[in-house]
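Student: Starting off with a structure, shown below.
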Amino acid sequence: MIVHRMARRMASLLSLAATLTASAPALAQNLTLGTKLELNTLDPHFFAAFPTGSSHPLIFEHLVKLDEKLQPQPQLAVSWKNIDPLTWEVKLRKDVVFHNGTPFTADDVIFTWDRVPNVPNSPNSFSQFTRSVEKIVKVDSHTLHMKTRAVHPGLPMDLANVLVVSASAGKGATTQDYNSGKAAVGTGPFKLVEWVNGERLVVDRNDRYWGPKPPWARVTEVVLAKDTARLAALLSGQVDAIDAVPSADLPRLRQDKRFSLVRGGPAALVHYIALDSARDVSPFVTAKDGKPLASNPLKDARVRKALSLALNRGLIVDRVLDGSGVPAGQMLSNVFPSAPKDVKPDLQDMSRAQALLKEAGWAQGFRIVLHTTNDRYPNDAAVAQTVAQMWSRLGLKAEVETLPGSVFFTRASKQEFSAFAAQYGAEEAANSLRALVATYTPAKGYGTANRTRYANPMVDNLLSASLQNLDDRQRDSLVGRAIRVAMEDQALIPVFYPIFDFAAKSGLVVTPVPQRRFNALMIVPASK
């Protein structure tokens, strides 16, 4: 079945390439990308994840965009300011139209904010970015007053995470209506032509776009999840650029003058291991012989710390990732301003780890299954196998089960795992805490990606206080304290911050961004 699907994708890609080469003038303005990221929806409010965050901004736009330093800049909003502690005045850009010709107004923003928390079955809801707003008042067609539930200085960052949809096209629309293209109407630089789930996205330049016109008349993103297929498509000329270059092939591509390689810095995301610390009985934690345990060892912070201390993060980065990563000690790299500088990665210390297990009453070890994707992140299965080997050296019976991402996230969201590896990206340390570590509280937009239901009232209190503090220095201090508490309690195990490698045909310039992105907005023709 997998082979058949890959063959179908490659046949589709070859057919597409033939179409593009039929006209030489058109070819110069067409861009075809081979991407590892599998876009699973066109609904911009269904799933806060890397593929949607990468592809959807071609079609839809935010009120606020983030620059290469993750600082807020105008997009559909031209300005934002507090007019009292609980009210933000947001001025909207005028003379903007949606792809269907309707004008962009305050009504579309109000519709968007009303829609986000009501999207059914969202695996990771965008409500984490809208819950702070209690009410939106329309002052005029291009002015809004956003009234927050409490003082919320982080609102501009929230505005940079929610894509605005058309009220007229989206009224009564379901996720399926977006997926079919019926409601997929935005203000972005490209408009939808075709989307085939798991295979390709095709967009055309929006010639009525309010901003600088993109250089590409047509952009095609082809999903090539397998590293070998993605590399083969680049080498054969079927695609113009690829992301997540297989680390083993980097030396080969460096020697090939037909291509250029670009490496980003530490990404604004973390590869982490989540542990089931909430339940008395965990489904994939047993005695070594498979018999049930009287209690769940993962509930003990000493056990969780032991599992962290057993990891040699440097070896994982150097050997498994071939250097395409940085060891992690928290949820966001401290190269970014909001992350505390003094929280460092745990160094491997087997003696201390074994002592902690013994102190917690688990000197004999236990059996644990680590679940992971096998098609989502670079070397995801290999990373999990290496982690399991290190846990086995600690005295555990550690096993790995790999799953396709489409199955993995559904099961993880149902709390079916005891330990799982995933990645999460956020532009601010507070947002990582709010999504991954804060107690699951849908009404507040907390814990939207907290799939193990970890809870720590001290972390919650510090986080809430930080989100309501208007003083930048005090706010960062509170976030730092919350992170230290979470990491001392080993709320989760940070493993590494990925570094992403891109390859493109000579004549193209790729500019990486801190978020996990690969799209036409990052690529321009080289100037002559």
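Just remember, in the structure tokens the first chain shown is A, the second B, etc., residues are 1-based per chain, and ligands are 1-based in the order shown.
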Residues at most 12 Å from stretch 314-328 of chain A, counting only C-alpha atoms, excluding those fewer than 6 positions away in the same chain, as a ChimeraX atom specification?

Tutor: /A:244-251,262-273,308,334-335,339,343-348,377-390,423,487,492-502

Student: A:Asp84: which residues within 12 Å, counting only C-alpha atoms, same-chain residues fewer than 6 positions away excluded, as a list in words?

Tutor: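 Result of the neighbour search: His145, Met146, Lys147, Thr148, Ala150, Val151, His152, Pro153 and Leu470 of chain A.
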
Student: If you keep all heavy atoms, can you produce a file of those selected residues as a PDB file, in the first residue's frame?

Tutor:
ATOM      1  N   HIS A 145     -11.943  47.247  18.886  1.00  0.00           N
ATOM      2  CA  HIS A 145     -11.499  47.254  20.270  1.00  0.00           C
ATOM      3  C   HIS A 145     -11.584  45.822  20.783  1.00  0.00           C
ATOM      4  O   HIS A 145     -12.675  45.252  20.864  1.00  0.00           O
ATOM      5  CB  HIS A 145     -12.360  48.190  21.118  1.00  0.00           C
ATOM      6  CG  HIS A 145     -12.048  49.627  20.904  1.00  0.00           C
ATOM      7  ND1 HIS A 145     -12.812  50.657  21.436  1.00  0.00           N
ATOM      8  CD2 HIS A 145     -11.050  50.236  20.197  1.00  0.00           C
ATOM      9  CE1 HIS A 145     -12.288  51.819  21.075  1.00  0.00           C
ATOM     10  NE2 HIS A 145     -11.226  51.590  20.319  1.00  0.00           N
ATOM     11  N   MET A 146     -10.418  45.230  21.060  1.00  0.00           N
ATOM     12  CA  MET A 146     -10.362  43.888  21.618  1.00  0.00           C
ATOM     13  C   MET A 146     -10.260  44.001  23.137  1.00  0.00           C
ATOM     14  O   MET A 146      -9.276  44.510  23.664  1.00  0.00           O
ATOM     15  CB  MET A 146      -9.158  43.126  21.052  1.00  0.00           C
ATOM     16  CG  MET A 146      -9.312  42.724  19.600  1.00  0.00           C
ATOM     17  SD  MET A 146      -7.982  41.614  19.057  1.00  0.00           S
ATOM     18  CE  MET A 146      -8.730  40.873  17.610  1.00  0.00           C
ATOM     19  N   LYS A 147     -11.292  43.537  23.815  1.00  0.00           N
ATOM     20  CA  LYS A 147     -11.343  43.621  25.269  1.00  0.00           C
ATOM     21  C   LYS A 147     -10.911  42.280  25.848  1.00  0.00           C
ATOM     22  O   LYS A 147     -11.556  41.255  25.605  1.00  0.00           O
ATOM     23  CB  LYS A 147     -12.751  44.002  25.720  1.00  0.00           C
ATOM     24  CG  LYS A 147     -13.166  45.392  25.243  1.00  0.00           C
ATOM     25  CD  LYS A 147     -14.518  45.802  25.784  1.00  0.00           C
ATOM     26  CE  LYS A 147     -14.869  47.227  25.347  1.00  0.00           C
ATOM     27  NZ  LYS A 147     -14.004  48.231  25.996  1.00  0.00           N
ATOM     28  N   THR A 148      -9.829  42.271  26.594  1.00  0.00           N
ATOM     29  CA  THR A 148      -9.287  41.040  27.149  1.00  0.00           C
ATOM     30  C   THR A 148      -9.875  40.745  28.528  1.00  0.00           C
ATOM     31  O   THR A 148     -10.341  41.645  29.232  1.00  0.00           O
ATOM     32  CB  THR A 148      -7.752  41.113  27.243  1.00  0.00           C
ATOM     33  OG1 THR A 148      -7.380  42.246  28.035  1.00  0.00           O
ATOM     34  CG2 THR A 148      -7.136  41.252  25.860  1.00  0.00           C
ATOM     35  N   ALA A 150      -8.279  39.758  31.100  1.00  0.00           N
ATOM     36  CA  ALA A 150      -7.344  40.302  32.088  1.00  0.00           C
ATOM     37  C   ALA A 150      -6.276  41.059  31.320  1.00  0.00           C
ATOM     38  O   ALA A 150      -6.243  41.020  30.078  1.00  0.00           O
ATOM     39  CB  ALA A 150      -6.726  39.175  32.922  1.00  0.00           C
ATOM     40  N   VAL A 151      -5.438  41.767  32.028  1.00  0.00           N
ATOM     41  CA  VAL A 151      -4.320  42.440  31.363  1.00  0.00           C
ATOM     42  C   VAL A 151      -3.526  41.403  30.572  1.00  0.00           C
ATOM     43  O   VAL A 151      -3.152  40.351  31.109  1.00  0.00           O
ATOM     44  CB  VAL A 151      -3.422  43.138  32.404  1.00  0.00           C
ATOM     45  CG1 VAL A 151      -2.192  43.722  31.731  1.00  0.00           C
ATOM     46  CG2 VAL A 151      -4.206  44.221  33.137  1.00  0.00           C
ATOM     47  N   HIS A 152      -3.284  41.681  29.313  1.00  0.00           N
ATOM     48  CA  HIS A 152      -2.641  40.669  28.448  1.00  0.00           C
ATOM     49  C   HIS A 152      -1.681  41.337  27.470  1.00  0.00           C
ATOM     50  O   HIS A 152      -2.017  41.587  26.303  1.00  0.00           O
ATOM     51  CB  HIS A 152      -3.706  39.885  27.696  1.00  0.00           C
ATOM     52  CG  HIS A 152      -3.148  38.738  26.898  1.00  0.00           C
ATOM     53  ND1 HIS A 152      -2.302  37.793  27.427  1.00  0.00           N
ATOM     54  CD2 HIS A 152      -3.319  38.400  25.593  1.00  0.00           C
ATOM     55  CE1 HIS A 152      -1.976  36.924  26.495  1.00  0.00           C
ATOM     56  NE2 HIS A 152      -2.573  37.270  25.369  1.00  0.00           N
ATOM     57  N   PRO A 153      -0.462  41.627  27.919  1.00  0.00           N
ATOM     58  CA  PRO A 153       0.510  42.277  27.037  1.00  0.00           C
ATOM     59  C   PRO A 153       0.952  41.415  25.868  1.00  0.00           C
ATOM     60  O   PRO A 153       1.517  41.922  24.905  1.00  0.00           O
ATOM     61  CB  PRO A 153       1.687  42.565  27.978  1.00  0.00           C
ATOM     62  CG  PRO A 153       1.548  41.572  29.091  1.00  0.00           C
ATOM     63  CD  PRO A 153       0.074  41.377  29.271  1.00  0.00           C
ATOM     64  N   LEU A 470       2.466  43.849  32.681  1.00  0.00           N
ATOM     65  CA  LEU A 470       2.787  44.794  31.617  1.00  0.00           C
ATOM     66  C   LEU A 470       4.267  45.155  31.543  1.00  0.00           C
ATOM     67  O   LEU A 470       4.719  45.729  30.560  1.00  0.00           O
ATOM     68  CB  LEU A 470       1.971  46.081  31.803  1.00  0.00           C
ATOM     69  CG  LEU A 470       0.465  45.950  31.571  1.00  0.00           C
ATOM     70  CD1 LEU A 470      -0.244  47.232  31.981  1.00  0.00           C
ATOM     71  CD2 LEU A 470       0.170  45.617  30.122  1.00  0.00           C
TER      72      LEU A 470
END

Student: Quick check, in Å to one decimal: how far apart do atom CA of A:Arg205 and atom CA of A:Pro156 lie?

Tutor: 28.0 Å

Student: Mind checking which residues fall within 9 Å of stretch 111-126 of chain A, counting only C-alpha atoms, ignoring those fewer than 3 positions away in the same chain, and posting them as a ChimeraX atom specification?

Tutor: /A:45-49,106-108,129-131,133,136,161-167,170-171,174-175,409-410,413,435,445,448-449

Student: With only C-alpha atoms as the basis for distance, which of A:Arg304, A:Asn197, A:Glu89, A:Asp349 is at the shortest distance from A:Ser406?

Tutor: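 For A:Ser406, the nearest of the given residues is A:Asn197.
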
Student: Of the residues A:Arg149, A:Asn206, A:Leu201, A:Ser506, which is the one nearest to A:Pro85, using only C-alpha atoms?

Tutor: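 Nearest to A:Pro85: A:Arg149.
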
Student: Could you tell me, as number ranges by chain, which residues of stretch 286-376 of chain A DSSP assigns to strand (DSSP E) when given the backbone?

Tutor: A: 286, 325-327, 367-373

Student: Produce a file of the selected residues containing N, CA and C atoms, as a PDB file, in the first residue's frame.

Tutor:
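New file result16.pdb:
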ATOM      1  N   THR A 286       4.700  -1.290  32.518  1.00  0.00           N
ATOM      2  CA  THR A 286       4.420  -2.520  33.249  1.00  0.00           C
ATOM      3  C   THR A 286       5.693  -3.005  33.922  1.00  0.00           C
ATOM      4  N   GLY A 325      21.099  19.830  14.854  1.00  0.00           N
ATOM      5  CA  GLY A 325      20.318  20.082  16.059  1.00  0.00           C
ATOM      6  C   GLY A 325      21.198  20.636  17.158  1.00  0.00           C
ATOM      7  N   VAL A 326      20.571  21.056  18.256  1.00  0.00           N
ATOM      8  CA  VAL A 326      21.266  21.581  19.425  1.00  0.00           C
ATOM      9  C   VAL A 326      20.629  20.949  20.656  1.00  0.00           C
ATOM     10  N   PRO A 327      21.397  20.391  21.598  1.00  0.00           N
ATOM     11  CA  PRO A 327      20.811  19.806  22.809  1.00  0.00           C
ATOM     12  C   PRO A 327      19.891  20.794  23.517  1.00  0.00           C
ATOM     13  N   ARG A 367       9.154  -1.869  32.485  1.00  0.00           N
ATOM     14  CA  ARG A 367       9.022  -1.862  31.024  1.00  0.00           C
ATOM     15  C   ARG A 367       8.269  -0.605  30.606  1.00  0.00           C
ATOM     16  N   ILE A 368       8.752   0.045  29.541  1.00  0.00           N
ATOM     17  CA  ILE A 368       8.100   1.243  29.028  1.00  0.00           C
ATOM     18  C   ILE A 368       8.174   1.243  27.504  1.00  0.00           C
ATOM     19  N   VAL A 369       7.100   1.656  26.864  1.00  0.00           N
ATOM     20  CA  VAL A 369       7.055   1.770  25.406  1.00  0.00           C
ATOM     21  C   VAL A 369       7.067   3.250  25.041  1.00  0.00           C
ATOM     22  N   LEU A 370       8.007   3.635  24.195  1.00  0.00           N
ATOM     23  CA  LEU A 370       8.088   4.997  23.679  1.00  0.00           C
ATOM     24  C   LEU A 370       7.463   5.014  22.293  1.00  0.00           C
ATOM     25  N   HIS A 371       6.405   5.779  22.134  1.00  0.00           N
ATOM     26  CA  HIS A 371       5.749   5.907  20.832  1.00  0.00           C
ATOM     27  C   HIS A 371       6.307   7.111  20.085  1.00  0.00           C
ATOM     28  N   THR A 372       6.400   6.973  18.776  1.00  0.00           N
ATOM     29  CA  THR A 372       6.951   8.047  17.945  1.00  0.00           C
ATOM     30  C   THR A 372       6.379   7.963  16.543  1.00  0.00           C
ATOM     31  N   THR A 373       6.465   9.067  15.837  1.00  0.00           N
ATOM     32  CA  THR A 373       6.131   9.054  14.418  1.00  0.00           C
ATOM     33  C   THR A 373       7.293   8.430  13.643  1.00  0.00           C
TER      34      THR A 373
END

Student: Show which residues sit within 7 Å of stretch 50-60 of chain A, as a VMD selection string. Count only C-alpha atoms, and ignore same-chain residues fewer than 5 positions away.

Tutor: chain A and resid 37 to 39 44 163 to 165 186 to 192 516 to 519

Student: Name all residues at most 8 Å from A:Asp43 (count only C-alpha atoms; drop same-chain ones fewer than 6 positions away) and give them as a list in words.

Tutor: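 The filter keeps Thr175, Gln176, Tyr178, Asn179 and Ala184 of chain A.
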
Student: For the residues selected in the previous step, produce a file with N, CA and C atoms as a PDB file, in the first residue's frame.

Tutor:
ATOM      1  N   THR A 175     -15.122  22.284   8.354  1.00  0.00           N
ATOM      2  CA  THR A 175     -13.747  21.974   7.942  1.00  0.00           C
ATOM      3  C   THR A 175     -13.743  21.350   6.552  1.00  0.00           C
ATOM      4  N   GLN A 176     -14.726  20.510   6.255  1.00  0.00           N
ATOM      5  CA  GLN A 176     -14.796  19.889   4.937  1.00  0.00           C
ATOM      6  C   GLN A 176     -15.007  20.925   3.844  1.00  0.00           C
ATOM      7  N   TYR A 178     -13.773  23.916   3.846  1.00  0.00           N
ATOM      8  CA  TYR A 178     -12.441  24.476   3.583  1.00  0.00           C
ATOM      9  C   TYR A 178     -11.608  23.482   2.786  1.00  0.00           C
ATOM     10  N   ASN A 179     -11.668  22.215   3.173  1.00  0.00           N
ATOM     11  CA  ASN A 179     -10.875  21.199   2.481  1.00  0.00           C
ATOM     12  C   ASN A 179     -11.275  21.054   1.011  1.00  0.00           C
ATOM     13  N   ALA A 184     -12.155  28.109   1.290  1.00  0.00           N
ATOM     14  CA  ALA A 184     -10.727  28.449   1.432  1.00  0.00           C
ATOM     15  C   ALA A 184     -10.415  29.748   0.700  1.00  0.00           C
TER      16      ALA A 184
END

Student: Write out as a count of residues only the residues lying within 9 Å of A:Pro457, counting only C-alpha atoms and excluding same-chain residues fewer than 3 positions away.

Tutor: 5

Student: Return the single residue from A:Leu33, A:Leu293, A:Leu403, A:Val285 that is closest to A:Ala504, with distances computed using only C-alpha atoms.

Tutor: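 Closest to A:Ala504 of all the choices is A:Leu33.
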
Student: What is the distance between atom CA of A:Thr102 and atom CA of A:Arg208, in Å to one decimal?

Tutor: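 A separation of 11.6 Å between them.
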